[in-house]
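Participant: So I've got this file, data.txt, and it contains compact mmCIF, C-alpha atoms:
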```txt
# COMPACT_ATOMS: atom_id res chain seq x y z
CA ALA A 1 -15.37 0.22 20.74
CA GLN A 2 -12.41 2.00 19.26
CA SER A 3 -13.40 4.21 16.37
CA VAL A 4 -13.10 7.48 14.51
CA ALA A 5 -15.89 9.81 13.49
CA GLN A 6 -16.04 12.25 10.64
CA PRO A 7 -19.04 14.48 11.35
CA GLU A 8 -19.18 16.11 7.93
CA ASP A 9 -20.22 14.26 4.79
CA GLN A 10 -19.00 17.12 2.63
CA VAL A 11 -16.90 20.23 3.01
CA ASN A 12 -17.01 23.01 0.45
CA VAL A 13 -14.27 25.61 0.21
CA ALA A 14 -13.11 28.15 -2.32
CA GLU A 15 -9.67 27.77 -3.84
CA GLY A 16 -7.10 29.72 -1.90
CA ASN A 17 -9.03 29.54 1.35
CA PRO A 18 -7.95 27.42 4.30
CA LEU A 19 -9.66 24.07 4.72
CA THR A 20 -10.40 21.86 7.70
CA VAL A 21 -11.73 18.32 7.62
CA LYS A 22 -12.79 17.14 11.04
CA CYS A 23 -12.08 13.86 12.78
CA THR A 24 -12.63 12.77 16.36
CA TYR A 25 -11.50 9.51 17.87
CA SER A 26 -12.47 7.15 20.63
CA VAL A 27 -9.73 4.76 21.69
CA SER A 28 -8.33 3.26 24.83
CA GLY A 29 -4.66 3.93 25.29
CA ASN A 30 -2.53 5.99 22.95
CA PRO A 31 -4.08 6.47 19.52
CA TYR A 32 -2.35 5.80 16.23
CA LEU A 33 -4.15 8.12 13.82
CA PHE A 34 -3.99 8.43 10.05
CA TRP A 35 -5.38 10.46 7.18
CA TYR A 36 -5.85 9.04 3.70
CA VAL A 37 -7.17 10.57 0.48
CA GLN A 38 -9.07 8.75 -2.25
CA TYR A 39 -9.54 10.00 -5.78
CA PRO A 40 -12.39 8.58 -7.92
CA ASN A 41 -12.01 4.87 -8.68
CA ARG A 42 -8.64 4.76 -6.99
CA GLY A 43 -7.23 3.23 -3.87
CA LEU A 44 -6.26 5.24 -0.82
CA GLN A 45 -3.17 7.40 -0.64
CA PHE A 46 -1.46 7.99 2.69
CA LEU A 47 -1.33 11.64 3.74
CA LEU A 48 0.02 11.67 7.27
CA LYS A 49 0.03 9.92 10.62
CA TYR A 50 0.31 10.62 14.31
CA ILE A 51 1.99 8.03 16.49
CA THR A 52 3.80 10.10 19.09
CA GLY A 53 5.71 13.35 19.37
CA ASP A 54 4.67 16.78 18.12
CA ASN A 55 0.95 17.36 18.07
CA LEU A 56 1.17 19.11 14.71
CA VAL A 57 1.91 16.59 12.00
CA LYS A 58 2.88 17.65 8.49
CA GLY A 59 2.11 15.40 5.57
CA SER A 60 1.93 15.18 1.81
CA TYR A 61 0.65 17.87 -0.57
CA GLY A 62 0.82 20.62 2.05
CA PHE A 63 -1.63 18.97 4.43
CA GLU A 64 -1.18 18.92 8.17
CA ALA A 65 -3.17 17.66 11.12
CA GLU A 66 -3.26 18.58 14.76
CA PHE A 67 -3.59 15.95 17.45
CA ASN A 68 -5.62 17.31 20.35
CA LYS A 69 -5.80 14.91 23.25
CA SER A 70 -8.20 16.95 25.38
CA GLN A 71 -10.69 17.22 22.54
CA THR A 72 -9.91 13.75 21.15
CA SER A 73 -9.59 15.26 17.70
CA PHE A 74 -7.27 14.93 14.73
CA HIS A 75 -8.50 17.51 12.23
CA LEU A 76 -6.91 17.72 8.79
CA LYS A 77 -5.94 21.19 7.61
CA LYS A 78 -4.40 23.01 4.71
CA PRO A 79 -3.67 26.75 4.64
CA SER A 80 -4.66 27.26 1.01
CA ALA A 81 -6.93 24.83 -0.83
CA LEU A 82 -6.49 23.82 -4.46
CA VAL A 83 -9.13 22.57 -6.87
CA SER A 84 -7.01 19.44 -7.24
CA ASP A 85 -7.51 18.73 -3.53
CA SER A 86 -11.12 17.79 -4.28
CA ALA A 87 -11.42 14.16 -3.23
CA LEU A 88 -12.68 11.85 -0.50
CA TYR A 89 -10.77 12.01 2.76
CA PHE A 90 -10.70 9.27 5.36
CA CYS A 91 -9.54 9.45 8.94
CA ALA A 92 -8.43 6.14 10.46
CA VAL A 93 -7.22 4.72 13.74
CA ARG A 94 -5.10 1.64 14.25
CA VAL A 95 -6.86 -0.73 16.60
CA PHE A 96 -4.76 -3.27 18.44
CA THR A 97 -6.10 -6.67 19.46
CA GLY A 98 -3.44 -8.76 21.07
CA THR A 99 -0.51 -8.95 18.69
CA ALA A 100 -2.60 -8.02 15.66
CA SER A 101 -3.77 -4.62 14.53
CA LYS A 102 -6.02 -3.21 11.87
CA LEU A 103 -7.12 0.15 10.55
CA THR A 104 -10.63 1.29 11.28
CA PHE A 105 -11.87 4.03 8.99
CA GLY A 106 -14.26 6.88 9.43
CA THR A 107 -17.13 7.30 7.02
CA GLY A 108 -15.23 9.74 4.86
CA THR A 109 -15.62 13.42 4.03
CA ARG A 110 -15.92 14.65 0.50
CA LEU A 111 -13.94 17.83 -0.05
CA GLN A 112 -15.08 20.06 -2.87
CA VAL A 113 -12.82 22.96 -3.77
CA THR A 114 -14.22 25.45 -6.24
CA LEU A 115 -12.75 28.37 -8.16
CA GLY B 1 6.92 5.41 -1.50
CA ALA B 2 5.86 1.81 -1.37
CA VAL B 3 3.75 0.57 -4.25
CA VAL B 4 0.93 -1.92 -4.21
CA SER B 5 -0.62 -3.10 -7.45
CA GLN B 6 -3.90 -4.86 -8.12
CA HIS B 7 -5.01 -6.83 -11.11
CA PRO B 8 -7.41 -6.58 -12.79
CA SER B 9 -8.51 -2.99 -12.27
CA ARG B 10 -11.95 -3.80 -13.58
CA VAL B 11 -13.74 -7.08 -14.18
CA ILE B 12 -17.20 -8.06 -15.31
CA CYS B 13 -18.34 -11.61 -14.75
CA LYS B 14 -21.51 -13.63 -14.97
CA SER B 15 -23.43 -14.74 -11.94
CA GLY B 16 -22.22 -18.09 -10.65
CA THR B 17 -18.66 -17.77 -11.89
CA SER B 18 -15.54 -17.15 -9.80
CA VAL B 19 -13.20 -14.21 -10.04
CA LYS B 20 -9.63 -13.91 -8.78
CA ILE B 21 -8.09 -10.58 -7.85
CA GLU B 22 -4.34 -10.29 -7.34
CA CYS B 23 -2.57 -7.90 -5.02
CA ARG B 24 1.18 -7.41 -5.21
CA SER B 25 3.63 -5.38 -3.19
CA LEU B 26 6.17 -4.18 -5.72
CA ASP B 27 9.06 -2.86 -3.65
CA PHE B 28 8.67 -4.27 -0.18
CA GLN B 29 7.81 -7.48 1.58
CA ALA B 30 4.23 -7.47 2.74
CA THR B 31 4.13 -9.54 5.88
CA THR B 32 0.50 -8.60 6.35
CA MET B 33 -2.12 -7.93 3.70
CA PHE B 34 -5.66 -6.69 4.10
CA TRP B 35 -8.68 -6.92 1.84
CA TYR B 36 -11.35 -4.24 1.96
CA ARG B 37 -14.67 -3.77 0.26
CA GLN B 38 -16.12 -0.38 -0.50
CA PHE B 39 -19.69 0.30 -1.51
CA PRO B 40 -20.57 3.49 -3.41
CA LYS B 41 -20.20 6.58 -1.27
CA GLN B 42 -19.31 4.51 1.79
CA SER B 43 -16.25 3.82 3.84
CA LEU B 44 -13.93 0.86 3.53
CA MET B 45 -15.05 -2.30 5.24
CA LEU B 46 -12.30 -4.69 6.27
CA MET B 47 -13.04 -8.18 5.03
CA ALA B 48 -10.00 -10.10 6.16
CA THR B 49 -6.39 -9.94 7.27
CA SER B 50 -3.79 -12.36 6.04
CA ASN B 51 -0.27 -13.01 7.17
CA GLU B 52 2.14 -14.68 4.78
CA GLY B 53 2.04 -18.41 5.07
CA SER B 54 -0.94 -18.63 7.39
CA LYS B 55 -4.70 -18.68 7.08
CA ALA B 56 -6.56 -15.43 6.75
CA THR B 57 -8.53 -13.97 9.63
CA TYR B 58 -11.97 -12.95 8.49
CA GLU B 59 -14.09 -10.19 9.98
CA GLN B 60 -17.44 -11.02 11.43
CA GLY B 61 -20.07 -11.53 8.78
CA VAL B 62 -17.63 -12.23 5.94
CA GLU B 63 -18.02 -15.72 4.46
CA LYS B 64 -14.61 -17.33 4.26
CA ASP B 65 -15.81 -19.99 1.82
CA LYS B 66 -17.07 -17.34 -0.53
CA PHE B 67 -14.11 -14.98 -0.32
CA LEU B 68 -11.03 -17.16 -0.52
CA ILE B 69 -7.79 -15.47 0.42
CA ASN B 70 -4.35 -16.81 -0.28
CA HIS B 71 -1.14 -15.14 0.87
CA ALA B 72 1.43 -17.61 -0.34
CA SER B 73 4.37 -15.25 -0.68
CA LEU B 74 5.61 -12.01 0.81
CA THR B 75 4.66 -10.10 -2.32
CA LEU B 76 1.40 -11.65 -3.44
CA SER B 77 -2.06 -12.13 -2.03
CA THR B 78 -5.13 -13.21 -3.96
CA LEU B 79 -8.82 -12.83 -3.29
CA THR B 80 -11.15 -15.21 -5.09
CA VAL B 81 -14.84 -14.42 -5.11
CA THR B 82 -16.49 -17.79 -5.61
CA SER B 83 -19.91 -18.28 -7.18
CA ALA B 84 -20.30 -14.56 -7.59
CA HIS B 85 -23.71 -12.92 -7.37
CA PRO B 86 -24.82 -9.41 -8.31
CA GLU B 87 -24.72 -8.36 -4.66
CA ASP B 88 -20.96 -9.07 -4.68
CA SER B 89 -20.51 -6.21 -7.13
CA SER B 90 -18.30 -3.72 -5.36
CA PHE B 91 -14.93 -2.01 -5.27
CA TYR B 92 -12.34 -4.28 -3.69
CA ILE B 93 -9.17 -2.74 -2.33
CA CYS B 94 -6.14 -4.54 -1.01
CA SER B 95 -3.61 -3.10 1.35
CA ALA B 96 -0.20 -4.23 2.52
CA ARG B 97 1.98 -3.56 5.48
CA ASP B 98 5.61 -4.38 6.06
CA SER B 99 5.30 -5.20 9.73
CA VAL B 100 9.02 -5.74 10.21
CA GLY B 101 10.36 -2.97 8.02
CA THR B 102 11.27 0.64 8.74
CA ARG B 103 7.65 1.86 8.65
CA PRO B 104 5.62 -0.80 10.40
CA HIS B 105 2.66 1.46 11.09
CA GLU B 106 2.09 2.54 7.52
CA GLN B 107 -0.30 0.69 5.30
CA TYR B 108 -0.12 0.98 1.53
CA PHE B 109 -3.18 0.59 -0.64
CA GLY B 110 -3.68 -0.81 -4.08
CA PRO B 111 -5.66 1.09 -6.73
CA GLY B 112 -8.69 -1.13 -6.30
CA THR B 113 -10.64 -3.56 -8.47
CA ARG B 114 -14.14 -2.78 -9.65
CA LEU B 115 -16.12 -6.02 -9.78
CA THR B 116 -19.43 -6.11 -11.61
CA VAL B 117 -21.46 -9.31 -11.55
CA THR B 118 -24.19 -9.53 -14.16
```
Mind turning the file's structure into structure tokens?
Facilitator:
Amino acid sequence: AQSVAQPEDQVNVAEGNPLTVKCTYSVSGNPYLFWYVQYPNRGLQFLLKYITGDNLVKGSYGFEAEFNKSQTSFHLKKPSALVSDSALYFCAVRVFTGTASKLTFGTGTRLQVTL
Amino acid sequence: GAVVSQHPSRVICKSGTSVKIECRSLDFQATTMFWYRQFPKQSLMLMATSNEGSKATYEQGVEKDKFLINHASLTLSTLTVTSAHPEDSSFYICSARDSVGTRPHEQYFGPGTRLTVT
């Protein structure tokens, strides 16, 4: 089955420090990978995606992610965390079935940034 | 960026009644819309996919007669929870994709609807 895994339920980091939120994928063929962020009682906001091209993808709010084919990973990173980055982060992969496709989400990682 | 709205944002209803949730794409034509359900502290579970003008495709285990989906126009999809029960209480999120536009791989999410069935 095609899926993504987020091994960490929660990541804690101090403001100003770099952060990494991990994601690994399992797909057949070329993966279409996404990161979304969710604030409390809100829908998901798109951060970035990897379809093809450069392995380092830059997205919204200073976030970036690195596609690593050999390690089947797509970790989300930010050089300097902010308290306002505290939220729930979801990694997702687009799964294709025939002519249709749908996003399959990981279980989410809660990022807590403290002063 | 593209905007997707949902209405209502929060609804409380009595057991046995039906509730309709609207999802609108405000600045693009949503050829495909998705309905998700999210339980507390859990990931999003896809309930169904709908393409404008055709019947929705439901995921395994989702009752199509209980969760009625209508996608009658390119900017509006509705989810009706029929004969709601307390176990239907959840956060429902819609999402839309412009499959023929300039960003066919991006999916835009609504702010969600918190349904509480008493």
Participant: Taking all atoms listed in the file into account, what are the residues of chain B at most 7 Å from chain A, put as an mmCIF file with C-alpha atoms, in the coordinates of the input?
Facilitator:
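Resulting contents of selection_9.cif:
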```cif
data_model
loop_
_atom_site.group_PDB
_atom_site.id
_atom_site.type_symbol
_atom_site.label_atom_id
_atom_site.label_comp_id
_atom_site.auth_asym_id
_atom_site.auth_seq_id
_atom_site.Cartn_x
_atom_site.Cartn_y
_atom_site.Cartn_z
ATOM 1 C CA GLN B 42 -19.310 4.510 1.790
ATOM 2 C CA SER B 43 -16.250 3.820 3.840
ATOM 3 C CA LEU B 44 -13.930 0.860 3.530
ATOM 4 C CA ILE B 93 -9.170 -2.740 -2.330
ATOM 5 C CA PHE B 109 -3.180 0.590 -0.640
ATOM 6 C CA GLY B 110 -3.680 -0.810 -4.080
ATOM 7 C CA PRO B 111 -5.660 1.090 -6.730
ATOM 8 C CA GLY B 112 -8.690 -1.130 -6.300
#
```
Participant: Please measure the separation of CA of Glu52 in chain B and CA of Thr75 in chain B, giving the value in Å to one decimal.
Facilitator: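 Computing the Euclidean distance for CA of Glu52 in chain B and CA of Thr75 in chain B yields 8.8 Å.
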Participant: For each of A:Ser26, A:Asn12, A:Thr114, A:Asn17, take the minimum atom-to-atom distance to Pro79 in chain A, counting only C-alpha atoms, then give the residue where this is smallest.
Facilitator: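 Among A:Ser26, A:Asn12, A:Thr114, A:Asn17, it is A:Asn17 that comes nearest to Pro79 in chain A.
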Participant: Give me the residues within 9 Å of Phe67 in chain A as a PyMOL selection string, counting all atoms listed in the file and dropping any in the same chain fewer than 4 places off.
Facilitator: chain A and resi 33+50+54-57+71-75
Participant: My list of candidates is B:Ser89, B:Gln107, B:Gln60, B:Gln6. Which is closest to Ala92 in chain A when distances are computed with all atoms listed in the file?
Facilitator: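 Distance minimum relative to Ala92 in chain A lands on B:Gln107.
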Participant: Considering only C-alpha atoms, state which residue in the set B:Leu115, B:Ala48, B:Leu79, B:Ala84 is at the smallest distance from Cys23 in chain B.
Facilitator: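 Checking each of B:Leu115, B:Ala48, B:Leu79, B:Ala84 against Cys23 in chain B, counting only C-alpha atoms, the winner is B:Leu79.
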Participant: List the neighbours of Ser18 in chain B out to 9 Å using only C-alpha atoms; skip same-chain residues closer than 3 positions along the sequence, and give me the result as a ChimeraX atom specification.
Facilitator: /B:13-15,80-84
Participant: Taking only C-alpha atoms into account, which of A:Leu47, A:Val37, A:Thr52, A:Pro18 comes nearest Glu106 in chain B?
Facilitator: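 With only C-alpha atoms as the atom set, the closest residue is A:Leu47.
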Participant: One number please: CA of Phe28 in chain B to CA of Lys64 in chain B, in Å, one decimal.
Facilitator: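 Interatomic distance here is 27.1 Å.
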Participant: Do you have the CA of Cys94 in chain B-CA of Gln29 in chain B distance handy?
Facilitator: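 Going from CA of Cys94 in chain B over to CA of Gln29 in chain B, I get 14.5 Å.
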Participant: Excluding Val83 in chain A and residues on its chain fewer than 3 positions from it, collect all residues at most 8 Å away from it, counting all atoms listed in the file, and give them as a ChimeraX atom specification.
Facilitator: /A:15,86,112-115
Participant: Generate a file of the selected residues that holds C-alpha atoms, formatted as a PDB file, in the coordinates of the input.
Facilitator:
```pdb
ATOM      1  CA  GLU A  15      -9.670  27.770  -3.840  1.00  0.00           C
ATOM      2  CA  SER A  86     -11.120  17.790  -4.280  1.00  0.00           C
ATOM      3  CA  GLN A 112     -15.080  20.060  -2.870  1.00  0.00           C
ATOM      4  CA  VAL A 113     -12.820  22.960  -3.770  1.00  0.00           C
ATOM      5  CA  THR A 114     -14.220  25.450  -6.240  1.00  0.00           C
ATOM      6  CA  LEU A 115     -12.750  28.370  -8.160  1.00  0.00           C
TER       7      LEU A 115
END
```
Participant: How big is the axis-aligned box around all listed atoms of range 9-14 of chain B once 6 Å goes on each side, and where's its centre, in Å to one decimal, as JSON?
Facilitator:
```
{"center_x": -15.0, "center_y": -8.3, "center_z": -13.8, "size_x": 25.0, "size_y": 22.6, "size_z": 15.0}
```
Participant: I'd like to know which of B:Ser25, B:Thr57, B:Ser73, B:Thr113 is closest to Val4 in chain B, using only C-alpha atoms.
Facilitator: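 Ranked by minimum distance to Val4 in chain B, first place goes to B:Ser25.
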Participant: Which of these residues is nearest to Ser95 in chain B, using only C-alpha atoms: B:Lys55, B:Lys66, B:Arg37, B:Lys20?
Facilitator: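 Answer, going by the shortest atom-to-atom distance: B:Arg37.
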Participant: As a JSON list (two decimals), in the coordinates of the input, please: range 90-103 of chain A completed to N, CA and C atoms.
Facilitator:
```json
[["chain", "number", "residue", "atom", "x", "y", "z"],
["A", 90, "PHE", "N", -10.37, 10.20, 4.30],
["A", 90, "PHE", "CA", -10.70, 9.27, 5.36],
["A", 90, "PHE", "C", -9.74, 9.44, 6.53],
["A", 91, "CYS", "N", -10.31, 9.51, 7.71],
["A", 91, "CYS", "CA", -9.54, 9.45, 8.94],
["A", 91, "CYS", "C", -9.56, 7.99, 9.41],
["A", 92, "ALA", "N", -8.48, 7.53, 10.01],
["A", 92, "ALA", "CA", -8.43, 6.14, 10.46],
["A", 92, "ALA", "C", -7.64, 6.03, 11.75],
["A", 93, "VAL", "N", -7.95, 5.00, 12.50],
["A", 93, "VAL", "CA", -7.22, 4.72, 13.74],
["A", 93, "VAL", "C", -6.78, 3.27, 13.70],
["A", 94, "ARG", "N", -5.58, 3.04, 14.19],
["A", 94, "ARG", "CA", -5.10, 1.64, 14.25],
["A", 94, "ARG", "C", -5.59, 1.05, 15.56],
["A", 95, "VAL", "N", -6.29, -0.04, 15.45],
["A", 95, "VAL", "CA", -6.86, -0.73, 16.60],
["A", 95, "VAL", "C", -6.03, -1.98, 16.85],
["A", 96, "PHE", "N", -5.59, -2.13, 18.08],
["A", 96, "PHE", "CA", -4.76, -3.27, 18.44],
["A", 96, "PHE", "C", -5.60, -4.30, 19.20],
["A", 97, "THR", "N", -5.47, -5.56, 18.75],
["A", 97, "THR", "CA", -6.10, -6.67, 19.46],
["A", 97, "THR", "C", -5.05, -7.74, 19.64],
["A", 98, "GLY", "N", -4.52, -7.82, 20.83],
["A", 98, "GLY", "CA", -3.44, -8.76, 21.07],
["A", 98, "GLY", "C", -2.21, -8.34, 20.28],
["A", 99, "THR", "N", -1.69, -9.26, 19.50],
["A", 99, "THR", "CA", -0.51, -8.95, 18.69],
["A", 99, "THR", "C", -0.88, -8.43, 17.31],
["A", 100, "ALA", "N", -2.16, -8.46, 16.98],
["A", 100, "ALA", "CA", -2.60, -8.02, 15.66],
["A", 100, "ALA", "C", -3.12, -6.59, 15.73],
["A", 101, "SER", "N", -3.20, -5.96, 14.60],
["A", 101, "SER", "CA", -3.77, -4.62, 14.53],
["A", 101, "SER", "C", -4.43, -4.42, 13.18],
["A", 102, "LYS", "N", -5.37, -3.50, 13.13],
["A", 102, "LYS", "CA", -6.02, -3.21, 11.87],
["A", 102, "LYS", "C", -6.48, -1.76, 11.88],
["A", 103, "LEU", "N", -6.63, -1.21, 10.69],
["A", 103, "LEU", "CA", -7.12, 0.15, 10.55],
["A", 103, "LEU", "C", -8.64, 0.16, 10.53]]
```
